[in-house]
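Structure, as structure tokens:
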2 protein chains.
Amino acid sequence: MSSRAEKREQTFAEIVRTSRTLLAEGEDPSLRAVAARMGLTAPALYRYVANHQELVDLVAFEIDRDATDGFRAAADRHAADDPAARLVAAIAAFRRWALDHPREFALVFANPVAESSCIRRELVTVASSGHFLTGLVHDVWVRQDFPLPPPESLDPAVLEAVTDPLLPADVDHIAQVDRGLVWIYMRSWASLYGVVTLEVFGHLDPRVRDSGALFVDVMAFWIDEFGLGDDRERLVALMQAELRGP
Amino acid sequence: MSSRAEKREQTFAEIVRTSRTLLAEGEDPSLRAVAARMGLTAPALYRYVANHQELVDLVAFEIDRDATDGFRAAADRHAADDPAARLVAAIAAFRRWALDHPREFALVFANPVAESSCIRRELVTVASSGHFLTGLVHDVWVRQDFPLPPPESLDPAVLEAVTDPLLPADVDHIAQVDRGLVWIYMRSWASLYGVVTLEVFGHLDPRVRDSGALFVDVMAFWIDEFGLGDDRERLVALMQAELRGP
DNA sequence: TCCGAAGTGTTAACGGCGTTAACCGTAAAC
DNA sequence: GTTTACGGTTAACGCCGTTAACACTTCGGA
């Protein structure tokens with residue numbers, strides 16, 4: 001027999017799961033649709049969720065978490081002592097996931113969070129994908145020891161941000177003098193994000209999107225930037241392979 | 001006295017205009033809201049527009065056109081023989097516009113067009129901002145004559161895309177051997193787009209966003225790439241100024 | 001053990017949405 | 001001057017988020 005608290009938690013989990021199922025099926029995860037699929041009526045969901053937006057935020061958070069598990073799995077298919085391959089595999093998995101799940105991508109990565117409810121802002125602070133990708137970049141840096149911009153060279157606002165981040169970043173284990181790494185991470189993430197967002201939203205020539213050329217180009221640039229120029233050929237080939245699928 | 005066709009066109013224009021007004025006021029441009037503000041009922045709008053999505057697409061197109069007028073005005077505040085300054089001013093205006101009009105930005109630049117109606121795909125093909133920005137990059141290239149990747153070095157899919165573009169690009173006046181310029185444009189646009197989209201959607205540390213550091217950083221990179229390294233200091237200073245406002 | 005309280009669901013309803021069908025006066029066209 | 005197309009209406013359907021009022025179950029404590 002399950003206690004009331006357990007039952008409540010199960011129902012809550014089922015609400016989020018049902019929402020994700022609907023989203024994956026291409027239908028809108030409206031409160032009514034979610035409730036109906038669970039054999040409930042819409043107002044019942046208000047016992048578990050403050051409003052519709054909060055449910056959407058929860059779903060976005062969970063999608064991010066699960067997608068990150070996929071990125072991690074892609075990285076883990078490569079040796080722990082080959083952080084560059086792990087990083088390449090992870091971001092290739094990210095792009096594949098984004099193109100395969102445009103609705104989910106839009107929800108997690110291309111949704112305004114500022115005007116969103118409080119809960120989203122809290123959740124996004126511990127967002128999974130951000131933590132994971134910064135970690136991979138950190139691993140590459142530990143291995144390659146590519147030069148970092150010294151803290152005093154950073155824009156004051158950037159220095160503040162990398163010293164005491166507000167958004168997903170797992171930087172506690174990075175010494176203050178090495179926080180230039182976080183700036184490099186932000187720059188690299190912005191360029192990869194731009195390509196993938198253009199691709200997912202159809203603002204890029206479909207032939208270029210399908211070829212992945214722009215994504216590979218950006219990645220190749222950061223390979224050099226990460227001091228991996230010697231490994232460039234191998235990593236680009238690896239990326240080409242990873243882009244096709246696991 | 002106005003003919004029936006004229007009257008019809010006026011009403012049509014007022015529909016789009018009213019939609020934009022509602023959007024700017026932070027309200028959703030629903031058919032009912034638009035009609036109500038015009039003193040009509042919602043079904044009347046179906047005499048002018050096939051469905052709600054088509055209206056949204058039209059609005060997105062017009063917003064893009066008008067925003068581009070703003071970018072052009074920013075560029076025109078600089079001498080015709082200073083294409084670098086014109087380009088910097090235009091993209092600074094683009095960023096300012098995006099941050100000042102997040103809803104409009106999301107509509108025009110961060111909306112799926114693939115799953116959209118046919119009309120959007122037609123409209124986006126002649127989208128204004130794309131044409132204008134490629135033109136500015138072209139002007140810089142004519143002046144600086146920075147090296148282009150030769151066509152045979154391009155990915156086959158990219159070569160196809162720059163030879164016969166499907167998406168907004170105004171390349172008819174660019175010789176086939178110089179189409180590598182379009183590839184450079186795509187890459188630079190992707191990186192600027194990534195930064196601005198992150199900023200607008202609140203996925204970037206607000207302090208970094210407010211400082212504009214990431215945007216300036218990306219622009220500085222492309223300044224070098226465009227053979228404008230000698231002019232770098234001036235152009236970065238210009239960008240800093242332009243970012244604050246006209 | 002019984003009773004109150006909390007928890008979890010219901011139905012009914014409000015206002016808003018996109019959209020369609022049926023209708024109707026007016027203005028253009030022949 | 002009749003006909004027809006146009007541009008509007010009202011009514012209605014089925015969605016949506018959300019709230020209020022109510023009912024049933026279950027738990028906790030006197």
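In the structure tokens, chains take letters A, B, ... by order of appearance, with residues numbered from 1 within each chain and ligands from 1 in the order shown.
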* Provide as a PyMOL selection string the residues of chain D at most 10 Å from chain A, counting only C-alpha atoms (C1' of nucleotides). => chain D and resi 15-19+26-27
Keeping C-alpha atoms (C1' of nucleotides), export the residues of the selection given above as a compact mmCIF listing (two decimals), in the first residue's frame.
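For reference, selection.txt as written:
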# COMPACT_ATOMS: atom_id res chain seq x y z
C1' DC D 15 -11.12 24.05 -28.01
C1' DC D 16 -8.40 26.66 -24.13
C1' DG D 17 -7.06 28.32 -18.93
C1' DT D 18 -9.13 29.21 -14.76
C1' DT D 19 -12.28 29.66 -10.68
C1' DT D 26 -8.68 9.34 4.18
C1' DC D 27 -5.93 10.71 7.79
Please provide as a CSV table (one decimal) with C-alpha atoms (C1' of nucleotides), in the first residue's frame all residues within 9 Å of region 24-28 of chain C, with the sequence filter that same-chain residues fewer than 2 positions apart are discarded (counting only C-alpha atoms (C1' of nucleotides)).
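The new file out_37.csv reads:
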chain,number,residue,atom,x,y,z
B,4,ARG,CA,-14.1,48.9,-53.9
D,4,DT,C1',-24.4,38.7,-58.7
D,5,DA,C1',-20.5,39.2,-55.9
D,6,DC,C1',-18.8,41.4,-51.9
D,8,DG,C1',-20.4,42.4,-43.2
D,9,DT,C1',-23.5,40.1,-39.4
* Between A:Tyr48, A:Ala36, A:Gly26, A:Leu87, which has the minimum distance to chain C (counting only C-alpha atoms (C1' of nucleotides))? ->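 Result for the nearest residue to chain C: A:Tyr48.
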* Hey, list the chain B side of the contact with chain A: 6 Å cut-off, only C-alpha atoms, answer as a ChimeraX atom specification. => /B:112-114,157-158,167,190-191,193-195,201-202,205,207-208
Can you write just those residues out, C-alpha atoms, as a compact mmCIF listing (two decimals), in the first residue's frame?
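Produced file selection_21.txt, reproduced below:
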# COMPACT_ATOMS: atom_id res chain seq x y z
CA PRO B 112 9.58 27.86 -37.23
CA VAL B 113 8.94 28.57 -40.88
CA ALA B 114 8.97 25.00 -42.14
CA ALA B 157 25.79 21.35 -50.35
CA VAL B 158 27.09 24.80 -49.49
CA LEU B 167 16.51 31.69 -48.53
CA ALA B 190 24.92 32.54 -37.53
CA SER B 191 27.27 33.73 -34.81
CA TYR B 193 22.22 35.53 -34.46
CA GLY B 194 23.24 33.11 -31.73
CA VAL B 195 24.34 35.85 -29.40
CA PHE B 201 15.47 34.91 -24.63
CA GLY B 202 17.22 35.48 -21.33
CA ASP B 205 23.71 36.18 -17.82
CA ARG B 207 25.08 41.35 -16.77
CA VAL B 208 26.80 40.03 -19.88
* Considering only C-alpha atoms (C1' of nucleotides), state which residue in the set C:DA29, C:DG9, C:DG18, C:DC2 is at the smallest distance from DT25 (chain D). =>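 Closest to DT25 (chain D), using only C-alpha atoms (C1' of nucleotides): C:DG9.
Using only C-alpha atoms, the nearest neighbour of Glu62 (chain B) within the list B:Val108, B:Ala5, B:Ala220, B:Val171 is B:Val108.
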* Asked: So how far away is CA of Phe221 (chain A) from CA of Ser153 (chain B), in Å?
  -> 16.4 Å
